[in-house]
file input-v9.pdb (PDB, C-alpha atoms)
ATOM      1  CA  MET A   1      -6.750 -41.022  25.437  1.00  0.00           C
ATOM      2  CA  LYS A   2      -3.430 -39.225  25.910  1.00  0.00           C
ATOM      3  CA  PRO A   3      -2.178 -39.863  22.307  1.00  0.00           C
ATOM      4  CA  ILE A   4      -5.367 -38.283  20.897  1.00  0.00           C
ATOM      5  CA  LEU A   5      -4.931 -35.201  23.088  1.00  0.00           C
ATOM      6  CA  THR A   6      -1.270 -34.944  21.984  1.00  0.00           C
ATOM      7  CA  ALA A   7      -2.308 -35.194  18.322  1.00  0.00           C
ATOM      8  CA  ILE A   8      -4.966 -32.494  18.726  1.00  0.00           C
ATOM      9  CA  LEU A   9      -2.475 -30.224  20.471  1.00  0.00           C
ATOM     10  CA  ALA A  10       0.092 -30.811  17.698  1.00  0.00           C
ATOM     11  CA  LEU A  11      -2.513 -29.891  15.043  1.00  0.00           C
ATOM     12  CA  ALA A  12      -3.474 -26.743  16.949  1.00  0.00           C
ATOM     13  CA  VAL A  13       0.172 -25.657  17.193  1.00  0.00           C
ATOM     14  CA  ALA A  14       0.720 -26.334  13.479  1.00  0.00           C
ATOM     15  CA  ALA A  15      -2.406 -24.366  12.524  1.00  0.00           C
ATOM     16  CA  ALA A  16      -1.312 -21.418  14.680  1.00  0.00           C
ATOM     17  CA  ALA A  17       2.025 -21.314  12.833  1.00  0.00           C
ATOM     18  CA  LEU A  18       0.345 -20.875   9.436  1.00  0.00           C
ATOM     19  CA  PRO A  19      -0.050 -17.313   8.113  1.00  0.00           C
ATOM     20  CA  ALA A  20      -3.570 -15.964   8.445  1.00  0.00           C
ATOM     21  CA  ALA A  21      -5.328 -15.267   5.145  1.00  0.00           C
ATOM     22  CA  ALA A  22      -2.205 -15.993   3.113  1.00  0.00           C
ATOM     23  CA  GLN A  23      -1.686 -14.422  -0.284  1.00  0.00           C
ATOM     24  CA  ASN A  24      -3.190 -15.794  -3.462  1.00  0.00           C
ATOM     25  CA  ALA A  25      -0.317 -16.720  -5.816  1.00  0.00           C
ATOM     26  CA  GLY A  26      -2.590 -16.899  -8.870  1.00  0.00           C
ATOM     27  CA  GLN A  27      -3.954 -13.404  -8.257  1.00  0.00           C
ATOM     28  CA  ILE A  28      -0.440 -12.034  -7.702  1.00  0.00           C
ATOM     29  CA  ALA A  29       0.687 -13.596 -11.001  1.00  0.00           C
ATOM     30  CA  ARG A  30      -2.263 -11.962 -12.797  1.00  0.00           C
ATOM     31  CA  VAL A  31      -1.333  -8.522 -11.450  1.00  0.00           C
ATOM     32  CA  ARG A  32       2.361  -9.057 -12.275  1.00  0.00           C
ATOM     33  CA  GLY A  33       1.167  -9.800 -15.809  1.00  0.00           C
ATOM     34  CA  GLY A  34      -0.602  -6.432 -15.957  1.00  0.00           C
ATOM     35  CA  ALA A  35      -4.182  -7.491 -15.193  1.00  0.00           C
ATOM     36  CA  SER A  36      -6.576  -5.680 -12.875  1.00  0.00           C
ATOM     37  CA  CYS A  37      -7.648  -7.565  -9.782  1.00  0.00           C
ATOM     38  CA  ALA A  38     -10.173  -5.625  -7.702  1.00  0.00           C
ATOM     39  CA  GLY A  39     -10.732  -7.153  -4.267  1.00  0.00           C
ATOM     40  CA  CYS A  40      -7.861  -9.625  -4.662  1.00  0.00           C
ATOM     41  CA  ASN A  41      -5.678 -10.969  -1.867  1.00  0.00           C
ATOM     42  CA  LEU A  42      -2.198  -9.657  -2.699  1.00  0.00           C
ATOM     43  CA  PHE A  43      -0.897  -9.909   0.865  1.00  0.00           C
ATOM     44  CA  GLN A  44       2.926  -9.609   0.927  1.00  0.00           C
ATOM     45  CA  ALA A  45       3.033  -9.641  -2.897  1.00  0.00           C
ATOM     46  CA  ASN A  46       6.329  -8.762  -4.531  1.00  0.00           C
ATOM     47  CA  LEU A  47       5.277  -6.241  -7.158  1.00  0.00           C
ATOM     48  CA  SER A  48       8.541  -4.309  -7.104  1.00  0.00           C
ATOM     49  CA  GLY A  49       9.547  -2.943 -10.479  1.00  0.00           C
ATOM     50  CA  LEU A  50       6.110  -3.644 -11.972  1.00  0.00           C
ATOM     51  CA  GLU A  51       5.181  -1.401 -14.901  1.00  0.00           C
ATOM     52  CA  ALA A  52       1.414  -1.529 -15.293  1.00  0.00           C
ATOM     53  CA  ARG A  53      -0.728   1.550 -15.753  1.00  0.00           C
ATOM     54  CA  GLY A  54      -4.432   1.978 -15.125  1.00  0.00           C
ATOM     55  CA  LEU A  55      -4.989  -1.169 -13.069  1.00  0.00           C
ATOM     56  CA  ASN A  56      -8.053  -1.591 -10.878  1.00  0.00           C
ATOM     57  CA  LEU A  57      -6.878  -2.855  -7.474  1.00  0.00           C
ATOM     58  CA  GLY A  58      -9.792  -1.286  -5.624  1.00  0.00           C
ATOM     59  CA  GLY A  59     -10.576  -3.068  -2.375  1.00  0.00           C
ATOM     60  CA  ALA A  60      -7.549  -5.344  -2.770  1.00  0.00           C
ATOM     61  CA  ARG A  61      -5.523  -6.551   0.200  1.00  0.00           C
ATOM     62  CA  LEU A  62      -1.981  -5.354  -0.489  1.00  0.00           C
ATOM     63  CA  ARG A  63      -0.871  -5.337   3.135  1.00  0.00           C
ATOM     64  CA  GLN A  64       2.936  -5.649   3.446  1.00  0.00           C
ATOM     65  CA  ALA A  65       3.303  -5.769  -0.357  1.00  0.00           C
ATOM     66  CA  ASP A  66       6.466  -4.495  -2.045  1.00  0.00           C
ATOM     67  CA  LEU A  67       5.667  -1.851  -4.664  1.00  0.00           C
ATOM     68  CA  SER A  68       9.184  -0.393  -4.694  1.00  0.00           C
ATOM     69  CA  LEU A  69      10.280   1.192  -7.961  1.00  0.00           C
ATOM     70  CA  SER A  70       7.010   0.238  -9.626  1.00  0.00           C
ATOM     71  CA  VAL A  71       5.279   2.445 -12.191  1.00  0.00           C
ATOM     72  CA  MET A  72       1.528   2.262 -11.589  1.00  0.00           C
ATOM     73  CA  ASN A  73       0.135   5.548 -12.922  1.00  0.00           C
ATOM     74  CA  ARG A  74      -3.664   5.943 -12.952  1.00  0.00           C
ATOM     75  CA  THR A  75      -4.105   2.826 -10.792  1.00  0.00           C
ATOM     76  CA  ARG A  76      -7.216   2.510  -8.612  1.00  0.00           C
ATOM     77  CA  PHE A  77      -6.344   1.627  -5.027  1.00  0.00           C
ATOM     78  CA  ALA A  78      -9.684   2.941  -3.681  1.00  0.00           C
ATOM     79  CA  ASN A  79     -10.612   1.277  -0.360  1.00  0.00           C
ATOM     80  CA  ALA A  80      -7.579  -1.034  -0.598  1.00  0.00           C
ATOM     81  CA  ASP A  81      -5.604  -2.297   2.401  1.00  0.00           C
ATOM     82  CA  LEU A  82      -2.123  -0.826   1.877  1.00  0.00           C
ATOM     83  CA  ARG A  83      -0.979  -1.073   5.488  1.00  0.00           C
ATOM     84  CA  ASP A  84       2.765  -1.543   5.873  1.00  0.00           C
ATOM     85  CA  VAL A  85       3.354  -1.328   2.093  1.00  0.00           C
ATOM     86  CA  GLU A  86       6.887  -0.562   0.867  1.00  0.00           C
ATOM     87  CA  ALA A  87       6.612   1.716  -2.170  1.00  0.00           C
ATOM     88  CA  TYR A  88      10.083   3.306  -2.211  1.00  0.00           C
ATOM     89  CA  GLY A  89      10.640   5.291  -5.412  1.00  0.00           C
ATOM     90  CA  GLY A  90       7.360   4.170  -6.970  1.00  0.00           C
ATOM     91  CA  VAL A  91       5.512   6.255  -9.544  1.00  0.00           C
ATOM     92  CA  PHE A  92       1.777   6.519  -8.847  1.00  0.00           C
ATOM     93  CA  SER A  93       0.750   9.741 -10.608  1.00  0.00           C
ATOM     94  CA  SER A  94      -2.992  10.314 -10.930  1.00  0.00           C
ATOM     95  CA  SER A  95      -3.760   7.155  -8.930  1.00  0.00           C
ATOM     96  CA  ASN A  96      -6.818   6.842  -6.709  1.00  0.00           C
ATOM     97  CA  PHE A  97      -6.097   6.121  -3.031  1.00  0.00           C
ATOM     98  CA  SER A  98      -9.513   7.336  -1.816  1.00  0.00           C
ATOM     99  CA  GLY A  99     -10.638   5.464   1.275  1.00  0.00           C
ATOM    100  CA  ALA A 100      -7.460   3.333   1.274  1.00  0.00           C
ATOM    101  CA  ASP A 101      -5.712   2.387   4.509  1.00  0.00           C
ATOM    102  CA  LEU A 102      -2.068   3.510   4.175  1.00  0.00           C
ATOM    103  CA  THR A 103      -1.223   3.009   7.860  1.00  0.00           C
ATOM    104  CA  ASN A 104       2.559   2.706   8.301  1.00  0.00           C
ATOM    105  CA  ALA A 105       3.134   2.566   4.537  1.00  0.00           C
ATOM    106  CA  SER A 106       6.419   3.874   3.139  1.00  0.00           C
ATOM    107  CA  PHE A 107       6.239   6.078   0.058  1.00  0.00           C
ATOM    108  CA  VAL A 108       9.793   7.413   0.464  1.00  0.00           C
ATOM    109  CA  GLY A 109      10.825   9.133  -2.747  1.00  0.00           C
ATOM    110  CA  ALA A 110       7.567   8.216  -4.496  1.00  0.00           C
ATOM    111  CA  TYR A 111       5.908  10.319  -7.183  1.00  0.00           C
ATOM    112  CA  LEU A 112       2.229  10.807  -6.288  1.00  0.00           C
ATOM    113  CA  ASP A 113       1.338  14.008  -8.159  1.00  0.00           C
ATOM    114  CA  GLY A 114      -2.303  14.185  -9.176  1.00  0.00           C
ATOM    115  CA  SER A 115      -3.301  11.268  -6.931  1.00  0.00           C
ATOM    116  CA  ASN A 116      -6.530  11.344  -4.906  1.00  0.00           C
ATOM    117  CA  PHE A 117      -6.277  10.711  -1.150  1.00  0.00           C
ATOM    118  CA  SER A 118      -9.878  11.594  -0.152  1.00  0.00           C
ATOM    119  CA  GLY A 119     -10.739   9.693   3.024  1.00  0.00           C
ATOM    120  CA  ALA A 120      -7.445   7.750   3.047  1.00  0.00           C
ATOM    121  CA  THR A 121      -5.946   6.756   6.388  1.00  0.00           C
ATOM    122  CA  LEU A 122      -2.408   8.164   6.599  1.00  0.00           C
ATOM    123  CA  ALA A 123      -1.450   7.259  10.191  1.00  0.00           C
ATOM    124  CA  GLY A 124       2.293   6.603  10.269  1.00  0.00           C
ATOM    125  CA  THR A 125       2.689   6.908   6.479  1.00  0.00           C
ATOM    126  CA  ASN A 126       6.212   7.999   5.481  1.00  0.00           C
ATOM    127  CA  PHE A 127       6.258  10.485   2.598  1.00  0.00           C
ATOM    128  CA  ALA A 128       9.922  11.537   2.986  1.00  0.00           C
ATOM    129  CA  GLY A 129      11.152  12.870  -0.353  1.00  0.00           C
ATOM    130  CA  ALA A 130       7.797  12.151  -2.023  1.00  0.00           C
ATOM    131  CA  SER A 131       6.128  14.440  -4.529  1.00  0.00           C
ATOM    132  CA  LEU A 132       2.472  15.151  -3.743  1.00  0.00           C
ATOM    133  CA  GLU A 133       2.321  18.677  -5.181  1.00  0.00           C
ATOM    134  CA  ARG A 134      -0.813  18.170  -7.262  1.00  0.00           C
ATOM    135  CA  ALA A 135      -2.401  15.512  -5.024  1.00  0.00           C
ATOM    136  CA  THR A 136      -6.020  16.027  -4.013  1.00  0.00           C
ATOM    137  CA  GLY A 137      -8.041  15.017  -0.971  1.00  0.00           C
ATOM    138  CA  LEU A 138      -5.251  15.729   1.502  1.00  0.00           C
ATOM    139  CA  SER A 139      -6.093  17.540   4.720  1.00  0.00           C
ATOM    140  CA  GLN A 140      -3.778  19.056   7.284  1.00  0.00           C
ATOM    141  CA  GLY A 141      -5.326  16.850   9.966  1.00  0.00           C
ATOM    142  CA  ARG A 142      -4.508  13.631   8.107  1.00  0.00           C
ATOM    143  CA  LEU A 143      -1.045  14.853   7.077  1.00  0.00           C
ATOM    144  CA  ASN A 144      -0.334  15.554  10.758  1.00  0.00           C
ATOM    145  CA  GLN A 145      -0.598  11.775  11.296  1.00  0.00           C
ATOM    146  CA  ALA A 146       1.952  11.061   8.548  1.00  0.00           C
ATOM    147  CA  CYS A 147       5.540  12.232   8.211  1.00  0.00           C
ATOM    148  CA  GLY A 148       7.933  13.552   5.604  1.00  0.00           C
ATOM    149  CA  ASP A 149      11.068  15.656   5.334  1.00  0.00           C
ATOM    150  CA  ALA A 150      12.345  18.871   3.766  1.00  0.00           C
ATOM    151  CA  ALA A 151      12.284  17.216   0.328  1.00  0.00           C
ATOM    152  CA  THR A 152       8.577  16.236   0.568  1.00  0.00           C
ATOM    153  CA  ARG A 153       6.567  18.262  -1.970  1.00  0.00           C
ATOM    154  CA  LEU A 154       3.002  19.077  -0.868  1.00  0.00           C
ATOM    155  CA  PRO A 155       0.103  21.108  -2.257  1.00  0.00           C
ATOM    156  CA  ARG A 156       0.341  24.781  -1.397  1.00  0.00           C
ATOM    157  CA  GLY A 157      -0.682  25.610   2.170  1.00  0.00           C
ATOM    158  CA  LEU A 158      -0.120  22.126   3.623  1.00  0.00           C
ATOM    159  CA  SER A 159       2.751  20.896   5.775  1.00  0.00           C
ATOM    160  CA  ILE A 160       3.879  17.565   7.206  1.00  0.00           C
ATOM    161  CA  PRO A 161       5.723  16.642  10.423  1.00  0.00           C
ATOM    162  CA  HIS A 162       9.308  15.460   9.942  1.00  0.00           C
ATOM    163  CA  CYS A 163      10.017  11.762  10.387  1.00  0.00           C
TER
END

call {"tool": "encode", "arguments": {"input": "input-v9.pdb", "output": "structure tokens"}}
result
Amino acid sequence: MKPILTAILALAVAAAALPAAAQNAGQIARVRGGASCAGCNLFQANLSGLEARGLNLGGARLRQADLSLSVMNRTRFANADLRDVEAYGGVFSSSNFSGADLTNASFVGAYLDGSNFSGATLAGTNFAGASLERATGLSQGRLNQACGDAATRLPRGLSIPHC
């Protein structure tokens, strides 16, 4: 009986070590090729340097993805999970982040002019050096949960705490 219990315990330990809801490599490859993928599992995807405009990634799971230096203008991220995303220097003009969860995301130096943030969660989001001058859907209350610096460009009348 003891060997069976040891085997079950070993399987339980091995299962616990596996990542929960791991990424979908096929879906990541599709997006890297410039295809839309609404609702896809792009967890921890490396999309850095991607140049793809007008994608539909609405409802996608992009948690911990790398979007650094990507150009994704007019992309739909509505209701997407963008928690802990690294988007340093990315260009996302006129993109739709409405209802997206951007908790602890880093948009340092990103260009977000004309993007829609209606209903987006911005808790811990770093907008240092980012341009949001023509962004819509931002409120002072939500920006108070994010941070930026003296170089952060915001719509007139709004401010952001320093990181």

call {"tool": "residues_around", "arguments": {"input": "input-v9.pdb", "residues": "A:Gly39", "least_positions_apart": "2", "cutoff": "9 Å", "atoms": "only C-alpha atoms", "output": "list in words"}}
result
Cys37, Asn41, Leu57, Gly58, Gly59, Ala60, Arg61 and Ala80 of chain A

call {"tool": "residues_near_point", "arguments": {"input": "input-v9.pdb", "point": "(4.3, 9.2, -8.7)", "cutoff": "9 Å", "atoms": "only C-alpha atoms", "output": "list in words"}}
result
Val71, Met72, Asn73, Gly89, Gly90, Val91, Phe92, Ser93, Ser94, Ser95, Gly109, Ala110, Tyr111, Leu112, Asp113, Gly114, Ser115, Ala130, Ser131 and Leu132 of chain A

call {"tool": "write_last_selection", "arguments": {"input": "input-v9.pdb", "atoms": "C-alpha atoms", "output": "PDB file, in the frame of the given file"}}
result
ATOM      1  CA  VAL A  71       5.279   2.445 -12.191  1.00  0.00           C
ATOM      2  CA  MET A  72       1.528   2.262 -11.589  1.00  0.00           C
ATOM      3  CA  ASN A  73       0.135   5.548 -12.922  1.00  0.00           C
ATOM      4  CA  GLY A  89      10.640   5.291  -5.412  1.00  0.00           C
ATOM      5  CA  GLY A  90       7.360   4.170  -6.970  1.00  0.00           C
ATOM      6  CA  VAL A  91       5.512   6.255  -9.544  1.00  0.00           C
ATOM      7  CA  PHE A  92       1.777   6.519  -8.847  1.00  0.00           C
ATOM      8  CA  SER A  93       0.750   9.741 -10.608  1.00  0.00           C
ATOM      9  CA  SER A  94      -2.992  10.314 -10.930  1.00  0.00           C
ATOM     10  CA  SER A  95      -3.760   7.155  -8.930  1.00  0.00           C
ATOM     11  CA  GLY A 109      10.825   9.133  -2.747  1.00  0.00           C
ATOM     12  CA  ALA A 110       7.567   8.216  -4.496  1.00  0.00           C
ATOM     13  CA  TYR A 111       5.908  10.319  -7.183  1.00  0.00           C
ATOM     14  CA  LEU A 112       2.229  10.807  -6.288  1.00  0.00           C
ATOM     15  CA  ASP A 113       1.338  14.008  -8.159  1.00  0.00           C
ATOM     16  CA  GLY A 114      -2.303  14.185  -9.176  1.00  0.00           C
ATOM     17  CA  SER A 115      -3.301  11.268  -6.931  1.00  0.00           C
ATOM     18  CA  ALA A 130       7.797  12.151  -2.023  1.00  0.00           C
ATOM     19  CA  SER A 131       6.128  14.440  -4.529  1.00  0.00           C
ATOM     20  CA  LEU A 132       2.472  15.151  -3.743  1.00  0.00           C
TER      21      LEU A 132
END

call {"tool": "residues_near_point", "arguments": {"input": "input-v9.pdb", "point": "(-2.3, 6.4, 10.3)", "cutoff": "12 Å", "atoms": "only C-alpha atoms", "output": "ChimeraX atom specification"}}
result
/A:82-84,100-106,119-126,141-147

call {"tool": "write_last_selection", "arguments": {"input": "input-v9.pdb", "atoms": "C-alpha atoms", "output": "short mmCIF file (atom, residue, chain, number, x, y, z; two decimals), in the frame of the given file"}}
result
data_model
loop_
_atom_site.label_atom_id
_atom_site.label_comp_id
_atom_site.auth_asym_id
_atom_site.auth_seq_id
_atom_site.Cartn_x
_atom_site.Cartn_y
_atom_site.Cartn_z
CA LEU A 82 -2.12 -0.83 1.88
CA ARG A 83 -0.98 -1.07 5.49
CA ASP A 84 2.76 -1.54 5.87
CA ALA A 100 -7.46 3.33 1.27
CA ASP A 101 -5.71 2.39 4.51
CA LEU A 102 -2.07 3.51 4.18
CA THR A 103 -1.22 3.01 7.86
CA ASN A 104 2.56 2.71 8.30
CA ALA A 105 3.13 2.57 4.54
CA SER A 106 6.42 3.87 3.14
CA GLY A 119 -10.74 9.69 3.02
CA ALA A 120 -7.44 7.75 3.05
CA THR A 121 -5.95 6.76 6.39
CA LEU A 122 -2.41 8.16 6.60
CA ALA A 123 -1.45 7.26 10.19
CA GLY A 124 2.29 6.60 10.27
CA THR A 125 2.69 6.91 6.48
CA ASN A 126 6.21 8.00 5.48
CA GLY A 141 -5.33 16.85 9.97
CA ARG A 142 -4.51 13.63 8.11
CA LEU A 143 -1.04 14.85 7.08
CA ASN A 144 -0.33 15.55 10.76
CA GLN A 145 -0.60 11.78 11.30
CA ALA A 146 1.95 11.06 8.55
CA CYS A 147 5.54 12.23 8.21
#

call {"tool": "residues_around", "arguments": {"input": "input-v9.pdb", "residues": "A:Cys40", "least_positions_apart": "3", "cutoff": "12 Å", "atoms": "only C-alpha atoms", "output": "PyMOL selection string"}}
result
chain A and resi 21-31+35-37+43+45+56-63+77+80-81

call {"tool": "atom_distance", "arguments": {"input": "input-v9.pdb", "atom1": "atom CA of A:Leu67", "atom2": "atom CA of A:Gln140"}}
result
25.9 Å

call {"tool": "atom_distance", "arguments": {"input": "input-v9.pdb", "atom1": "atom CA of A:Gln44", "atom2": "atom CA of A:Asp66"}}
result
6.9 Å

call {"tool": "atom_distance", "arguments": {"input": "input-v9.pdb", "atom1": "atom CA of A:Glu86", "atom2": "atom CA of A:Glu51"}}
result
15.9 Å

call {"tool": "residues_around", "arguments": {"input": "input-v9.pdb", "residues": "A:Glu133", "least_positions_apart": "6", "cutoff": "7 Å", "atoms": "only C-alpha atoms", "output": "list in words"}}
result
Asp113, Arg153, Leu154 and Pro155 of chain A

call {"tool": "closest_residue", "arguments": {"input": "input-v9.pdb", "among": "A:Thr75, A:Gln64, A:Asn116, A:Ser48", "to": "A:Tyr88", "atoms": "all atoms listed in the file"}}
result
A:Ser48

call {"tool": "axis_aligned_box", "arguments": {"input": "input-v9.pdb", "around": "stretch 56-72 of chain A", "padding_each_side": "4 Å", "output": "AutoDock Vina command-line options"}}
result
--center_x -0.1 --center_y -2.1 --center_z -4.4 --size_x 28.9 --size_y 17.0 --size_z 23.6

call {"tool": "closest_residue", "arguments": {"input": "input-v9.pdb", "among": "A:Val108, A:Ala65, A:Ala78, A:Ala128", "to": "A:Leu42", "atoms": "only C-alpha atoms"}}
result
A:Ala65

call {"tool": "decode", "arguments": {"input": "input-v9.pdb", "residues": "stretch 101-117 of chain A", "atoms": "N, CA and C atoms", "output": "PDB file, in the first residue's frame"}}
result
ATOM      1  N   ASP A 101      -8.033  44.677 -17.792  1.00  0.00           N
ATOM      2  CA  ASP A 101      -7.354  44.689 -16.500  1.00  0.00           C
ATOM      3  C   ASP A 101      -5.865  44.917 -16.743  1.00  0.00           C
ATOM      4  N   LEU A 102      -5.399  46.139 -16.422  1.00  0.00           N
ATOM      5  CA  LEU A 102      -4.000  46.529 -16.615  1.00  0.00           C
ATOM      6  C   LEU A 102      -3.251  46.561 -15.279  1.00  0.00           C
ATOM      7  N   THR A 103      -3.725  45.833 -14.292  1.00  0.00           N
ATOM      8  CA  THR A 103      -3.106  45.828 -12.975  1.00  0.00           C
ATOM      9  C   THR A 103      -1.616  45.506 -13.075  1.00  0.00           C
ATOM     10  N   ASN A 104      -0.803  46.380 -12.517  1.00  0.00           N
ATOM     11  CA  ASN A 104       0.658  46.226 -12.457  1.00  0.00           C
ATOM     12  C   ASN A 104       1.332  46.119 -13.820  1.00  0.00           C
ATOM     13  N   ALA A 105       0.673  46.585 -14.862  1.00  0.00           N
ATOM     14  CA  ALA A 105       1.282  46.587 -16.198  1.00  0.00           C
ATOM     15  C   ALA A 105       2.273  47.738 -16.292  1.00  0.00           C
ATOM     16  N   SER A 106       3.258  47.603 -17.160  1.00  0.00           N
ATOM     17  CA  SER A 106       4.257  48.647 -17.365  1.00  0.00           C
ATOM     18  C   SER A 106       4.184  49.153 -18.798  1.00  0.00           C
ATOM     19  N   PHE A 107       3.735  50.404 -18.927  1.00  0.00           N
ATOM     20  CA  PHE A 107       3.674  51.077 -20.217  1.00  0.00           C
ATOM     21  C   PHE A 107       4.677  52.228 -20.229  1.00  0.00           C
ATOM     22  N   VAL A 108       5.850  52.007 -19.657  1.00  0.00           N
ATOM     23  CA  VAL A 108       6.890  53.032 -19.579  1.00  0.00           C
ATOM     24  C   VAL A 108       7.297  53.433 -20.995  1.00  0.00           C
ATOM     25  N   GLY A 109       7.189  54.727 -21.273  1.00  0.00           N
ATOM     26  CA  GLY A 109       7.592  55.241 -22.574  1.00  0.00           C
ATOM     27  C   GLY A 109       6.685  54.850 -23.725  1.00  0.00           C
ATOM     28  N   ALA A 110       5.507  54.331 -23.436  1.00  0.00           N
ATOM     29  CA  ALA A 110       4.594  53.890 -24.497  1.00  0.00           C
ATOM     30  C   ALA A 110       3.815  55.060 -25.086  1.00  0.00           C
ATOM     31  N   TYR A 111       3.377  54.887 -26.312  1.00  0.00           N
ATOM     32  CA  TYR A 111       2.577  55.892 -27.011  1.00  0.00           C
ATOM     33  C   TYR A 111       1.147  55.361 -27.068  1.00  0.00           C
ATOM     34  N   LEU A 112       0.242  56.016 -26.323  1.00  0.00           N
ATOM     35  CA  LEU A 112      -1.133  55.558 -26.178  1.00  0.00           C
ATOM     36  C   LEU A 112      -2.144  56.625 -26.582  1.00  0.00           C
ATOM     37  N   ASP A 113      -1.721  57.620 -27.346  1.00  0.00           N
ATOM     38  CA  ASP A 113      -2.621  58.698 -27.748  1.00  0.00           C
ATOM     39  C   ASP A 113      -3.823  58.141 -28.508  1.00  0.00           C
ATOM     40  N   GLY A 114      -4.996  58.666 -28.176  1.00  0.00           N
ATOM     41  CA  GLY A 114      -6.217  58.265 -28.848  1.00  0.00           C
ATOM     42  C   GLY A 114      -6.786  56.942 -28.381  1.00  0.00           C
ATOM     43  N   SER A 115      -6.142  56.283 -27.417  1.00  0.00           N
ATOM     44  CA  SER A 115      -6.640  54.994 -26.932  1.00  0.00           C
ATOM     45  C   SER A 115      -7.788  55.195 -25.951  1.00  0.00           C
ATOM     46  N   ASN A 116      -8.660  54.191 -25.862  1.00  0.00           N
ATOM     47  CA  ASN A 116      -9.839  54.230 -25.003  1.00  0.00           C
ATOM     48  C   ASN A 116      -9.582  53.368 -23.768  1.00  0.00           C
ATOM     49  N   PHE A 117      -9.710  53.978 -22.587  1.00  0.00           N
ATOM     50  CA  PHE A 117      -9.499  53.278 -21.322  1.00  0.00           C
ATOM     51  C   PHE A 117     -10.776  53.210 -20.486  1.00  0.00           C
TER      52      PHE A 117
END
